[in-house]
Amino acid sequence: MNWFERMRATVRIDVKGNAKERYLNMCRARHFPVWDVTSDKKNDVITMCMNREDFLESKSAIRKTGVKVSVKEKSGLPFLLKKINKRRVFVAGALLGVLFLFMMMRSIWAFQFEGTKRITDEQIVDYLESCGITIGTPIRELNYEELEQGLREQFPEITWASVSQRGTTLLIRIREREYTESLQRYDDRTDIVADVDGVIVSMIVKEGVPYVQKGDVISAGDILVGGAVPIYDENSEISGYHYYHAQADIVVETSQRYTDTLSLSYEKKVYTGKEALIVSLGAFDARVVLGNGLSSSNVESQSKSYQLRLFRYLQLPFFAQITRQNAYEWQLSYYTEEEAQELLLSGLEKYLRELSEKGVQIIAKDVKIIKNGMSMEITADITMRKLVGVSCPTTVGFVQDGENND
Amino acid sequence: MKDKENERRDERRFDRLTERLSLPKDFVYGECLISMLGNTELTIENYRNICLFEENCIVVALKHDRLLVQGSRLEILYYREDEIKIRGRISGLQFLGERGKT
């Protein structure tokens with residue numbers, strides 16, 4: 001059965017009675033096409049399919065044979081149209097919905113970023129806006145290759161960029177240059193210079209000439225490893241230098257003082273109990289705000305934004321924002337000594353934790369908390385072991401080289 | 001008597017002519033043409049009408065005979081003026097002779 005035949009109005013009928021076969025033969029004699037004829041012996045019924053027009057014309061045959069015929073199923077386009085006609089509002093709505101979705105899918109309605117660390121999403125959005133790409137830009141106007149190249153040129157930190165579109169979302173994936181990579185930009189002729197005072201507890205030189213050794217006391221600014229390696233001639237005199245990017249792992253034991261002061265009086269936020277809920281509904285660029293905000297100057301607002309979407313990437317230009325406002329007043333309050341001590345100690349702990357995350361080993365700490373009138377002060381002398389040294393361009397040998405050249 | 005003899009003579013002449021011209025007999029005499037696809041499909045051309053239709057047996061009237069199709073889950077895929085197609089598990093075909101003569 002081809003598609004055209006499928007579109008025709010057909011009926012599946014049950015034929016009951018003693019002259020079922022006669023009815024079949026009469027249909028044949030009148031050239032009515034009949035198909036899918038099955039017999040159910042149990043119920044003494046023959047089921048068959050025929051065109052609706054033929055079925056209506058076979059009424060005289062039904063009368064003559066005395067069979068009982070019941071329509072079991074109706075199929076085909078005319079019956080479907082009849083059904084649709086009954087639910088025309090629903091069908092029209094569904095069709096309009098599909099059309100609307102199709103129209104919406106031709107534009108970008110959201111940005112999604114992956115791999116951003118130092119570069120913020122807002123910076124990329126600003127750049128896209130400068131290129132004329134905003135929410136609502138038609139997809140056919142996008143040139144992904146140009147955008148990728150533009151991103152790399154605009155942000156030197158980006159080593160790799162990929163711009164693609166999924167549904168109505170513009171997906172921007174970037175990879176930023178690692179911090180260690182930026183260090184490699186330094187000049188090759190570098191020394192390692194101390195950035196803190198302390199005593200060297202271990203030293204492994206990978207490249208360069210060590211100027212200090214384990215157990216030496218160093219001060220900030222001292223050259224620890226030189227990048228200029230001298231070349232001696234036959235008379236054991238320096239004839240020139242080989243220059244390197246000095247590299248070494250030098251650990252020093254150093255002490256550092258941590259101080260923090262906390263005033264015992266502070267202004268506490270006290271909520272007055274006045275609340276307001278503002279709902280903002282938006283479609284495309286238009287927005288409707290429902291509800292009034294609080295008029296007080298001290299208002300705390302919490303907003304949550306939603307965007308309508310179908311599936312993961314099929315974002316649509318319909319937005320909702322719910323803002324909850326709470327009014328408050330400032331009230332003068334006082335910390336108790338215990339509370340103040342706890343706050344100061346938690347500040348110190350946070351500082352120590354940050355140091356540990358940077359690879360600093362804490363050896364000892366001497367903590368003192370002193371009350372000074374209406375404030376409390378914490379002082380902590382921290383003994384720690386840490387990697388020392390920063391790369392600085394070497395100066396050794398340049399003057400000498402210049403002299404020799406002259 | 002003479003009319004019958006003339007009729008037989010005409011028939012014999014017609015047979016000879018048909019053989020000489022190699023005309024298909026199903027076309028010339030209206031005999032049925034039965035074709036089967038394995039034991040699942042059966043097509044009968046030049047049938048007269050359907051005498052009986054049940055799940056396990058179908059009797060089809062031919063020009064000079066009646067054909068009994070036996071099997072299970074038998075169904076008529078379609079039937080037209082000159083052709084009927086039966087599907088099912090066919091176990092046997094039997095010619096029953098003309099109605100009233102057997």
# chains A, B, ... in the order shown; residues from 1 in each chain; ligands from 1
>>> closest_atom_pairs(of="chain A", to="chain B", cutoff="7 Å", atoms="only C-alpha atoms", output="tab-separated table")
residue	atom	partner	partner_atom	distance
A:Glu21	CA	B:Ile50	CA	6.1
A:Asn25	CA	B:Asn49	CA	5.8
A:Arg28	CA	B:Glu81	CA	5.6
A:Ala29	CA	B:Glu81	CA	6.7
A:His31	CA	B:Glu81	CA	6.5
A:Pro33	CA	B:Arg80	CA	6.3
A:Val34	CA	B:Tyr78	CA	5.7
A:Trp35	CA	B:Tyr78	CA	4.0
A:Asp36	CA	B:Leu77	CA	4.7
A:Val37	CA	B:Ile76	CA	4.8
A:Thr38	CA	B:Glu75	CA	4.7
A:Ser39	CA	B:Glu55	CA	5.2
A:Asp40	CA	B:Glu55	CA	6.5
A:Lys41	CA	B:Glu55	CA	6.3
>>> write_last_selection(atoms="N, CA and C atoms", output="tab-separated table (two decimals), in the first residue's frame")
chain	number	residue	atom	x	y	z
A	21	GLU	N	-19.52	-15.36	3.24
A	21	GLU	CA	-18.80	-15.59	1.98
A	21	GLU	C	-19.57	-14.96	0.81
A	25	ASN	N	-18.26	-12.35	-1.98
A	25	ASN	CA	-18.38	-12.53	-3.42
A	25	ASN	C	-19.12	-11.37	-4.08
A	28	ARG	N	-16.75	-8.61	-4.51
A	28	ARG	CA	-15.87	-8.90	-5.65
A	28	ARG	C	-16.60	-8.59	-6.97
A	29	ALA	N	-17.87	-9.02	-7.03
A	29	ALA	CA	-18.64	-8.82	-8.25
A	29	ALA	C	-18.82	-7.33	-8.55
A	31	HIS	N	-16.61	-5.11	-7.92
A	31	HIS	CA	-15.25	-4.56	-8.09
A	31	HIS	C	-14.82	-3.68	-6.92
A	33	PRO	N	-12.35	-3.22	-4.00
A	33	PRO	CA	-11.12	-3.83	-3.48
A	33	PRO	C	-11.28	-4.17	-2.00
A	34	VAL	N	-10.89	-5.40	-1.65
A	34	VAL	CA	-10.96	-5.85	-0.25
A	34	VAL	C	-9.62	-6.46	0.10
A	35	TRP	N	-9.13	-6.18	1.29
A	35	TRP	CA	-7.83	-6.72	1.70
A	35	TRP	C	-7.84	-7.03	3.19
A	36	ASP	N	-6.78	-7.73	3.60
A	36	ASP	CA	-6.59	-8.14	5.01
A	36	ASP	C	-7.86	-8.81	5.56
A	37	VAL	N	-8.26	-9.88	4.91
A	37	VAL	CA	-9.47	-10.59	5.35
A	37	VAL	C	-9.03	-11.71	6.30
A	38	THR	N	-9.53	-11.68	7.50
A	38	THR	CA	-9.20	-12.73	8.48
A	38	THR	C	-10.51	-13.28	9.06
A	39	SER	N	-10.39	-14.51	9.51
A	39	SER	CA	-11.59	-15.16	10.06
A	39	SER	C	-11.37	-15.51	11.52
A	40	ASP	N	-12.35	-15.20	12.32
A	40	ASP	CA	-12.31	-15.58	13.74
A	40	ASP	C	-13.41	-16.62	13.95
A	41	LYS	N	-12.99	-17.88	13.98
A	41	LYS	CA	-13.97	-18.97	14.04
A	41	LYS	C	-14.73	-18.96	15.37
>>> residues_around(residues="range 32-34 of chain B", least_positions_apart="6", cutoff="7 Å", atoms="only C-alpha atoms", output="NGL selection string")
:B and (26 or 43-47 or 62)
>>> select_by_dssp(residues="range 75-140 of chain A", states="alpha helix (DSSP H)", output="tab-separated table (two decimals) with all heavy atoms, in the first residue's frame")
chain	number	residue	atom	x	y	z
A	77	LEU	N	-6.88	9.95	5.77
A	77	LEU	CA	-6.84	11.41	5.94
A	77	LEU	C	-8.21	12.03	6.21
A	77	LEU	O	-8.33	12.87	7.10
A	77	LEU	CB	-6.18	12.04	4.71
A	77	LEU	CG	-5.80	13.50	4.84
A	77	LEU	CD1	-4.73	13.69	5.90
A	77	LEU	CD2	-5.34	14.06	3.52
A	78	PRO	N	-9.27	11.66	5.48
A	78	PRO	CA	-10.57	12.32	5.75
A	78	PRO	C	-11.03	12.13	7.19
A	78	PRO	O	-11.56	13.08	7.80
A	78	PRO	CB	-11.52	11.61	4.78
A	78	PRO	CG	-10.65	11.16	3.67
A	78	PRO	CD	-9.37	10.78	4.31
A	79	PHE	N	-10.83	10.94	7.75
A	79	PHE	CA	-11.22	10.71	9.15
A	79	PHE	C	-10.35	11.53	10.09
A	79	PHE	O	-10.82	12.08	11.09
A	79	PHE	CB	-11.11	9.23	9.50
A	79	PHE	CG	-12.14	8.38	8.83
A	79	PHE	CD1	-11.79	7.34	7.99
A	79	PHE	CD2	-13.49	8.61	9.03
A	79	PHE	CE1	-12.73	6.56	7.36
A	79	PHE	CE2	-14.46	7.84	8.41
A	79	PHE	CZ	-14.08	6.82	7.58
A	80	LEU	N	-9.04	11.61	9.73
A	80	LEU	CA	-8.10	12.38	10.56
A	80	LEU	C	-8.49	13.87	10.55
A	80	LEU	O	-8.48	14.53	11.60
A	80	LEU	CB	-6.68	12.20	10.01
A	80	LEU	CG	-5.56	12.80	10.84
A	80	LEU	CD1	-5.38	11.99	12.11
A	80	LEU	CD2	-4.26	12.83	10.07
A	81	LEU	N	-8.86	14.36	9.35
A	81	LEU	CA	-9.26	15.77	9.26
A	81	LEU	C	-10.52	16.04	10.07
A	81	LEU	O	-10.66	17.10	10.68
A	81	LEU	CB	-9.50	16.14	7.79
A	81	LEU	CG	-8.25	16.25	6.92
A	81	LEU	CD1	-8.61	16.47	5.48
A	81	LEU	CD2	-7.34	17.37	7.41
A	82	LYS	N	-11.39	15.06	10.10
A	82	LYS	CA	-12.61	15.20	10.89
A	82	LYS	C	-12.28	15.33	12.37
A	82	LYS	O	-12.85	16.16	13.09
A	82	LYS	CB	-13.49	13.98	10.65
A	82	LYS	CG	-14.95	14.30	10.51
A	82	LYS	CD	-15.70	13.08	10.11
A	82	LYS	CE	-17.16	13.37	9.85
A	82	LYS	NZ	-17.90	12.18	9.45
A	83	LYS	N	-11.31	14.48	12.79
A	83	LYS	CA	-10.87	14.51	14.20
A	83	LYS	C	-10.23	15.86	14.50
A	83	LYS	O	-10.45	16.47	15.55
A	83	LYS	CB	-9.84	13.40	14.45
A	83	LYS	CG	-10.44	12.12	14.96
A	83	LYS	CD	-9.31	11.19	15.33
A	83	LYS	CE	-9.80	9.80	15.55
A	83	LYS	NZ	-8.69	8.85	15.74
A	84	ILE	N	-9.38	16.29	13.55
A	84	ILE	CA	-8.67	17.56	13.75
A	84	ILE	C	-9.66	18.71	13.83
A	84	ILE	O	-9.51	19.63	14.64
A	84	ILE	CB	-7.66	17.78	12.61
A	84	ILE	CG1	-6.47	16.83	12.78
A	84	ILE	CG2	-7.16	19.22	12.56
A	84	ILE	CD1	-5.52	16.81	11.61
A	85	ASN	N	-10.69	18.64	13.00
A	85	ASN	CA	-11.69	19.70	12.97
A	85	ASN	C	-12.36	19.87	14.34
A	85	ASN	O	-12.69	20.98	14.75
A	85	ASN	CB	-12.73	19.38	11.89
A	85	ASN	CG	-13.55	20.59	11.56
A	85	ASN	OD1	-13.05	21.71	11.64
A	85	ASN	ND2	-14.79	20.38	11.21
A	86	LYS	N	-12.50	18.77	15.04
A	86	LYS	CA	-13.10	18.85	16.38
A	86	LYS	C	-12.16	19.54	17.36
A	86	LYS	O	-12.59	20.17	18.32
A	86	LYS	CB	-13.41	17.43	16.89
A	86	LYS	CG	-14.69	16.85	16.31
A	86	LYS	CD	-14.92	15.49	16.90
A	86	LYS	CE	-16.02	14.75	16.18
A	86	LYS	NZ	-16.10	13.34	16.60
A	88	ARG	N	-9.66	21.81	16.54
A	88	ARG	CA	-8.89	22.72	15.67
A	88	ARG	C	-8.10	23.75	16.46
A	88	ARG	O	-7.01	24.13	16.04
A	88	ARG	CB	-9.79	23.36	14.62
A	88	ARG	CG	-11.00	24.06	15.13
A	88	ARG	CD	-11.78	24.62	13.95
A	88	ARG	NE	-13.03	25.21	14.37
A	88	ARG	CZ	-14.17	24.54	14.48
A	88	ARG	NH1	-14.21	23.26	14.22
A	88	ARG	NH2	-15.28	25.14	14.88
A	89	VAL	N	-8.60	24.18	17.61
A	89	VAL	CA	-7.88	25.18	18.40
A	89	VAL	C	-6.58	24.57	18.92
A	89	VAL	O	-5.51	25.18	18.84
A	89	VAL	CB	-8.76	25.68	19.57
A	89	VAL	CG1	-7.98	26.65	20.44
A	89	VAL	CG2	-10.01	26.33	19.02
A	90	PHE	N	-6.70	23.33	19.42
A	90	PHE	CA	-5.53	22.65	19.96
A	90	PHE	C	-4.48	22.44	18.85
A	90	PHE	O	-3.29	22.72	19.04
A	90	PHE	CB	-5.94	21.31	20.56
A	90	PHE	CG	-4.80	20.43	20.93
A	90	PHE	CD1	-4.04	20.72	22.06
A	90	PHE	CD2	-4.46	19.34	20.15
A	90	PHE	CE1	-2.98	19.91	22.41
A	90	PHE	CE2	-3.39	18.53	20.49
A	90	PHE	CZ	-2.65	18.82	21.62
A	91	VAL	N	-4.94	21.97	17.70
A	91	VAL	CA	-4.02	21.69	16.59
A	91	VAL	C	-3.37	22.98	16.09
A	91	VAL	O	-2.17	23.03	15.85
A	91	VAL	CB	-4.77	20.96	15.45
A	91	VAL	CG1	-3.89	20.81	14.23
A	91	VAL	CG2	-5.23	19.60	15.93
A	92	ALA	N	-4.19	24.04	15.99
A	92	ALA	CA	-3.65	25.33	15.54
A	92	ALA	C	-2.60	25.81	16.54
A	92	ALA	O	-1.53	26.29	16.14
A	92	ALA	CB	-4.77	26.35	15.41
A	93	GLY	N	-2.87	25.64	17.82
A	93	GLY	CA	-1.92	26.03	18.86
A	93	GLY	C	-0.62	25.24	18.74
A	93	GLY	O	0.47	25.81	18.82
A	94	ALA	N	-0.75	23.94	18.54
A	94	ALA	CA	0.43	23.08	18.41
A	94	ALA	C	1.26	23.47	17.20
A	94	ALA	O	2.48	23.58	17.28
A	94	ALA	CB	0.01	21.62	18.31
A	95	LEU	N	0.56	23.74	16.09
A	95	LEU	CA	1.28	24.16	14.87
A	95	LEU	C	1.98	25.49	15.06
A	95	LEU	O	3.12	25.66	14.66
A	95	LEU	CB	0.30	24.24	13.69
A	95	LEU	CG	-0.14	22.91	13.10
A	95	LEU	CD1	-1.20	23.13	12.05
A	95	LEU	CD2	1.04	22.17	12.49
A	96	LEU	N	1.27	26.42	15.71
A	96	LEU	CA	1.88	27.73	15.98
A	96	LEU	C	3.09	27.58	16.90
A	96	LEU	O	4.10	28.26	16.74
A	96	LEU	CB	0.85	28.66	16.63
A	96	LEU	CG	-0.07	29.39	15.65
A	96	LEU	CD1	-1.12	30.17	16.41
A	96	LEU	CD2	0.75	30.34	14.77
A	97	GLY	N	2.96	26.68	17.88
A	97	GLY	CA	4.07	26.41	18.81
A	97	GLY	C	5.29	25.89	18.06
A	97	GLY	O	6.41	26.36	18.30
A	98	VAL	N	5.07	24.97	17.17
A	98	VAL	CA	6.18	24.40	16.40
A	98	VAL	C	6.81	25.48	15.52
A	98	VAL	O	8.04	25.60	15.44
A	98	VAL	CB	5.68	23.21	15.53
A	98	VAL	CG1	6.73	22.76	14.55
A	98	VAL	CG2	5.26	22.06	16.43
A	99	LEU	N	5.96	26.30	14.92
A	99	LEU	CA	6.45	27.38	14.06
A	99	LEU	C	7.26	28.38	14.88
A	99	LEU	O	8.34	28.82	14.47
A	99	LEU	CB	5.25	28.08	13.39
A	99	LEU	CG	5.60	29.13	12.35
A	99	LEU	CD1	6.10	28.44	11.09
A	99	LEU	CD2	4.40	29.98	12.03
A	100	PHE	N	6.75	28.69	16.07
A	100	PHE	CA	7.43	29.63	16.96
A	100	PHE	C	8.80	29.07	17.37
A	100	PHE	O	9.81	29.78	17.34
A	100	PHE	CB	6.56	29.86	18.20
A	100	PHE	CG	7.17	30.77	19.20
A	100	PHE	CD1	7.26	32.14	18.96
A	100	PHE	CD2	7.66	30.29	20.40
A	100	PHE	CE1	7.84	32.98	19.88
A	100	PHE	CE2	8.23	31.12	21.33
A	100	PHE	CZ	8.32	32.47	21.06
A	101	LEU	N	8.82	27.78	17.73
A	101	LEU	CA	10.09	27.14	18.12
A	101	LEU	C	11.08	27.20	16.96
A	101	LEU	O	12.26	27.48	17.16
A	101	LEU	CB	9.82	25.68	18.47
A	101	LEU	CG	9.73	25.34	19.94
A	101	LEU	CD1	9.53	23.86	20.11
A	101	LEU	CD2	10.98	25.77	20.68
A	102	PHE	N	10.58	26.93	15.77
A	102	PHE	CA	11.43	26.94	14.59
A	102	PHE	C	12.03	28.33	14.39
A	102	PHE	O	13.21	28.48	14.11
A	102	PHE	CB	10.59	26.52	13.37
A	102	PHE	CG	11.36	26.54	12.08
A	102	PHE	CD1	12.30	25.56	11.82
A	102	PHE	CD2	11.16	27.54	11.16
A	102	PHE	CE1	13.03	25.59	10.65
A	102	PHE	CE2	11.87	27.57	9.98
A	102	PHE	CZ	12.81	26.59	9.72
A	103	MET	N	11.21	29.36	14.59
A	103	MET	CA	11.69	30.74	14.43
A	103	MET	C	12.73	31.06	15.51
A	103	MET	O	13.73	31.70	15.24
A	103	MET	CB	10.52	31.73	14.54
A	103	MET	CG	9.47	31.58	13.47
A	103	MET	SD	10.07	31.99	11.84
A	103	MET	CE	10.18	33.75	11.97
A	104	MET	N	12.45	30.59	16.74
A	104	MET	CA	13.35	30.88	17.85
A	104	MET	C	14.72	30.22	17.67
A	104	MET	O	15.74	30.75	18.08
A	104	MET	CB	12.74	30.38	19.17
A	104	MET	CG	11.56	31.16	19.66
A	104	MET	SD	11.93	32.86	20.00
A	104	MET	CE	11.34	33.67	18.55
A	121	ASP	N	33.84	35.79	32.34
A	121	ASP	CA	32.78	35.63	31.34
A	121	ASP	C	32.34	36.99	30.80
A	121	ASP	O	32.07	37.15	29.62
A	121	ASP	CB	31.57	34.91	31.95
A	121	ASP	CG	31.91	33.48	32.35
A	121	ASP	OD1	33.04	33.05	32.05
A	121	ASP	OD2	31.05	32.81	32.95
A	122	GLU	N	32.28	37.98	31.72
A	122	GLU	CA	31.83	39.32	31.34
A	122	GLU	C	32.76	39.94	30.30
A	122	GLU	O	32.32	40.62	29.37
A	122	GLU	CB	31.73	40.25	32.56
A	122	GLU	CG	30.56	39.97	33.49
A	122	GLU	CD	30.74	38.72	34.31
A	122	GLU	OE1	31.91	38.28	34.49
A	122	GLU	OE2	29.73	38.14	34.76
A	123	GLN	N	34.07	39.69	30.46
A	123	GLN	CA	35.04	40.23	29.50
A	123	GLN	C	34.77	39.67	28.10
A	123	GLN	O	34.81	40.39	27.11
A	123	GLN	CB	36.47	39.86	29.92
A	123	GLN	CG	37.05	40.77	31.00
A	123	GLN	CD	38.42	40.29	31.43
A	123	GLN	OE1	38.54	39.22	32.01
A	123	GLN	NE2	39.43	41.07	31.13
A	124	ILE	N	34.47	38.37	28.07
A	124	ILE	CA	34.21	37.73	26.76
A	124	ILE	C	32.89	38.26	26.19
A	124	ILE	O	32.80	38.55	25.00
A	124	ILE	CB	34.19	36.19	26.90
A	124	ILE	CG1	35.56	35.71	27.37
A	124	ILE	CG2	33.86	35.55	25.56
A	124	ILE	CD1	35.67	34.25	27.63
A	125	VAL	N	31.89	38.43	27.07
A	125	VAL	CA	30.60	38.97	26.59
A	125	VAL	C	30.80	40.37	26.01
A	125	VAL	O	30.27	40.70	24.96
A	125	VAL	CB	29.55	38.98	27.74
A	125	VAL	CG1	28.33	39.76	27.33
A	125	VAL	CG2	29.15	37.56	28.12
A	126	ASP	N	31.63	41.20	26.71
A	126	ASP	CA	31.91	42.55	26.21
A	126	ASP	C	32.56	42.48	24.84
A	126	ASP	O	32.23	43.26	23.94
A	126	ASP	CB	32.82	43.30	27.19
A	126	ASP	CG	32.07	43.69	28.45
A	126	ASP	OD1	30.82	43.65	28.41
A	126	ASP	OD2	32.72	44.03	29.45
A	127	TYR	N	33.50	41.54	24.69
A	127	TYR	CA	34.18	41.41	23.40
A	127	TYR	C	33.17	41.00	22.31
A	127	TYR	O	33.18	41.55	21.21
A	127	TYR	CB	35.31	40.38	23.49
A	127	TYR	CG	35.87	40.05	22.13
A	127	TYR	CD1	36.63	40.98	21.43
A	127	TYR	CD2	35.60	38.82	21.53
A	127	TYR	CE1	37.10	40.70	20.16
A	127	TYR	CE2	36.07	38.54	20.26
A	127	TYR	CZ	36.83	39.49	19.58
A	127	TYR	OH	37.27	39.22	18.32
A	128	LEU	N	32.29	40.03	22.67
A	128	LEU	CA	31.29	39.57	21.69
A	128	LEU	C	30.38	40.72	21.29
A	128	LEU	O	30.05	40.88	20.11
A	128	LEU	CB	30.46	38.43	22.29
A	128	LEU	CG	31.19	37.10	22.50
A	128	LEU	CD1	30.28	36.12	23.23
A	128	LEU	CD2	31.63	36.49	21.19
A	129	GLU	N	30.01	41.55	22.28
A	129	GLU	CA	29.15	42.70	21.98
A	129	GLU	C	29.86	43.67	21.04
A	129	GLU	O	29.24	44.24	20.14
A	129	GLU	CB	28.74	43.40	23.27
A	129	GLU	CG	27.55	42.70	23.92
A	129	GLU	CD	27.17	43.29	25.26
A	129	GLU	OE1	27.75	44.31	25.65
A	129	GLU	OE2	26.29	42.69	25.92
A	130	SER	N	31.18	43.83	21.27
A	130	SER	CA	31.93	44.73	20.39
A	130	SER	C	31.98	44.18	18.96
A	130	SER	O	32.15	44.92	18.00
A	130	SER	CB	33.34	44.96	20.93
A	130	SER	OG	34.09	43.78	20.78
>>> residues_around(residues="Leu262 in chain A", least_positions_apart="3", cutoff="12 Å", atoms="only C-alpha atoms", output="mmCIF file with C-alpha atoms, in the first residue's frame")
data_model
loop_
_atom_site.group_PDB
_atom_site.id
_atom_site.type_symbol
_atom_site.label_atom_id
_atom_site.label_comp_id
_atom_site.auth_asym_id
_atom_site.auth_seq_id
_atom_site.Cartn_x
_atom_site.Cartn_y
_atom_site.Cartn_z
ATOM 1 C CA THR A 259 49.096 40.918 63.234
ATOM 2 C CA SER A 265 32.264 47.545 68.908
ATOM 3 C CA TYR A 266 30.642 46.960 65.549
ATOM 4 C CA TYR A 334 29.763 44.686 71.153
ATOM 5 C CA TYR A 335 31.749 41.482 70.913
ATOM 6 C CA THR A 336 32.497 39.632 74.121
ATOM 7 C CA GLU A 337 36.174 38.870 74.750
ATOM 8 C CA GLU A 339 33.878 36.069 70.614
ATOM 9 C CA ALA A 340 36.624 38.508 69.660
ATOM 10 C CA GLN A 341 39.334 35.923 70.464
ATOM 11 C CA GLU A 342 37.528 33.328 68.367
ATOM 12 C CA LEU A 343 37.228 35.692 65.409
ATOM 13 C CA LEU A 344 40.907 36.680 65.595
ATOM 14 C CA LEU A 345 42.007 33.037 65.860
ATOM 15 C CA GLY A 347 41.450 34.788 60.879
ATOM 16 C CA ILE A 369 46.179 38.166 72.067
ATOM 17 C CA ILE A 370 46.137 41.496 73.906
ATOM 18 C CA LYS A 371 43.156 43.648 74.826
ATOM 19 C CA ASN A 372 43.842 47.277 74.102
ATOM 20 C CA GLY A 373 40.951 49.465 75.304
ATOM 21 C CA MET A 374 38.014 48.884 72.959
ATOM 22 C CA SER A 375 39.980 46.662 70.591
ATOM 23 C CA MET A 376 41.833 43.348 70.656
ATOM 24 C CA GLU A 377 45.062 42.631 68.856
ATOM 25 C CA ILE A 378 46.518 39.314 67.807
ATOM 26 C CA THR A 379 50.221 38.896 67.153
#
>>> atom_distance(atom1="CA of Arg166 in chain A", atom2="CA of Tyr313 in chain A")
5.8 Å
>>> residues_around(residues="Val229 in chain A", least_positions_apart="3", cutoff="7 Å", atoms="only C-alpha atoms", output="compact mmCIF listing (two decimals) with N, CA, C and O atoms, in the first residue's frame")
# COMPACT_ATOMS: atom_id res chain seq x y z
N GLY A 208 72.94 26.96 36.76
CA GLY A 208 73.51 28.19 37.27
C GLY A 208 74.61 27.92 38.29
O GLY A 208 74.94 26.77 38.59
N VAL A 209 75.15 29.04 38.82
CA VAL A 209 76.26 28.94 39.78
C VAL A 209 75.73 29.31 41.17
O VAL A 209 75.22 30.41 41.36
N TYR A 241 81.51 34.47 29.72
CA TYR A 241 80.44 33.83 30.50
C TYR A 241 79.51 33.06 29.57
O TYR A 241 79.25 33.48 28.44
N HIS A 242 79.00 31.96 30.10
CA HIS A 242 77.87 31.27 29.47
C HIS A 242 76.64 31.68 30.27
O HIS A 242 76.68 31.62 31.50
N TYR A 243 75.59 32.08 29.59
CA TYR A 243 74.43 32.56 30.33
C TYR A 243 73.30 31.52 30.32
O TYR A 243 73.07 30.86 29.31
>>> atom_distance(atom1="CA of Leu17 in chain B", atom2="CA of Gly30 in chain B")
16.3 Å
>>> residues_around(residues="Leu67 in chain B", least_positions_apart="4", cutoff="9 Å", atoms="only C-alpha atoms", output="NGL selection string")
:B and (58-62 or 93-97)
>>> residues_around(residues="Asp366 in chain A", least_positions_apart="3", cutoff="8 Å", atoms="only C-alpha atoms", output="list in words")
Ala380, Asp381 and Ile382 of chain A
>>> write_last_selection(atoms="N, CA, C and O atoms", output="PDB file, in the first residue's frame")
ATOM      1  N   ALA A 380      51.164  36.993  65.969  1.00  0.00           N
ATOM      2  CA  ALA A 380      51.658  35.614  65.862  1.00  0.00           C
ATOM      3  C   ALA A 380      52.994  35.631  65.145  1.00  0.00           C
ATOM      4  O   ALA A 380      53.111  36.180  64.040  1.00  0.00           O
ATOM      5  N   ASP A 381      54.032  35.095  65.827  1.00  0.00           N
ATOM      6  CA  ASP A 381      55.341  34.940  65.180  1.00  0.00           C
ATOM      7  C   ASP A 381      55.385  33.527  64.612  1.00  0.00           C
ATOM      8  O   ASP A 381      55.402  32.554  65.365  1.00  0.00           O
ATOM      9  N   ILE A 382      55.404  33.451  63.310  1.00  0.00           N
ATOM     10  CA  ILE A 382      55.300  32.141  62.650  1.00  0.00           C
ATOM     11  C   ILE A 382      56.669  31.772  62.075  1.00  0.00           C
ATOM     12  O   ILE A 382      57.260  32.560  61.313  1.00  0.00           O
TER      13      ILE A 382
END
>>> select_by_dssp(residues="chain B", states="strand (DSSP E or B)", output="NGL selection string")
:B and (33-37 or 41-45 or 49-53 or 57-61 or 66-79 or 83-95)
>>> closest_residue(among="A:Arg173, A:Arg189, A:Lys68, A:Arg106", to="Pro393 in chain A", atoms="only C-alpha atoms")
A:Arg189
>>> closest_residue(among="A:Ala320, A:Val217, A:Leu310, A:Ala61", to="Phe284 in chain A", atoms="only C-alpha atoms")
A:Ala320
>>> atom_distance(atom1="CA of Lys64 in chain A", atom2="CA of Thr10 in chain A")
22.7 Å
>>> decode(residues="range 76-83 of chain A", atoms="N, CA and C atoms", output="CSV table (one decimal), in the first residue's frame")
chain,number,residue,atom,x,y,z
A,76,GLY,N,-7.3,6.9,7.7
A,76,GLY,CA,-7.2,7.7,6.4
A,76,GLY,C,-7.3,9.1,6.7
A,77,LEU,N,-6.9,10.0,5.8
A,77,LEU,CA,-6.8,11.4,5.9
A,77,LEU,C,-8.2,12.0,6.2
A,78,PRO,N,-9.3,11.7,5.5
A,78,PRO,CA,-10.6,12.3,5.8
A,78,PRO,C,-11.0,12.1,7.2
A,79,PHE,N,-10.8,10.9,7.7
A,79,PHE,CA,-11.2,10.7,9.2
A,79,PHE,C,-10.3,11.5,10.1
A,80,LEU,N,-9.0,11.6,9.7
A,80,LEU,CA,-8.1,12.4,10.6
A,80,LEU,C,-8.5,13.9,10.5
A,81,LEU,N,-8.9,14.4,9.4
A,81,LEU,CA,-9.3,15.8,9.3
A,81,LEU,C,-10.5,16.0,10.1
A,82,LYS,N,-11.4,15.1,10.1
A,82,LYS,CA,-12.6,15.2,10.9
A,82,LYS,C,-12.3,15.3,12.4
A,83,LYS,N,-11.3,14.5,12.8
A,83,LYS,CA,-10.9,14.5,14.2
A,83,LYS,C,-10.2,15.9,14.5
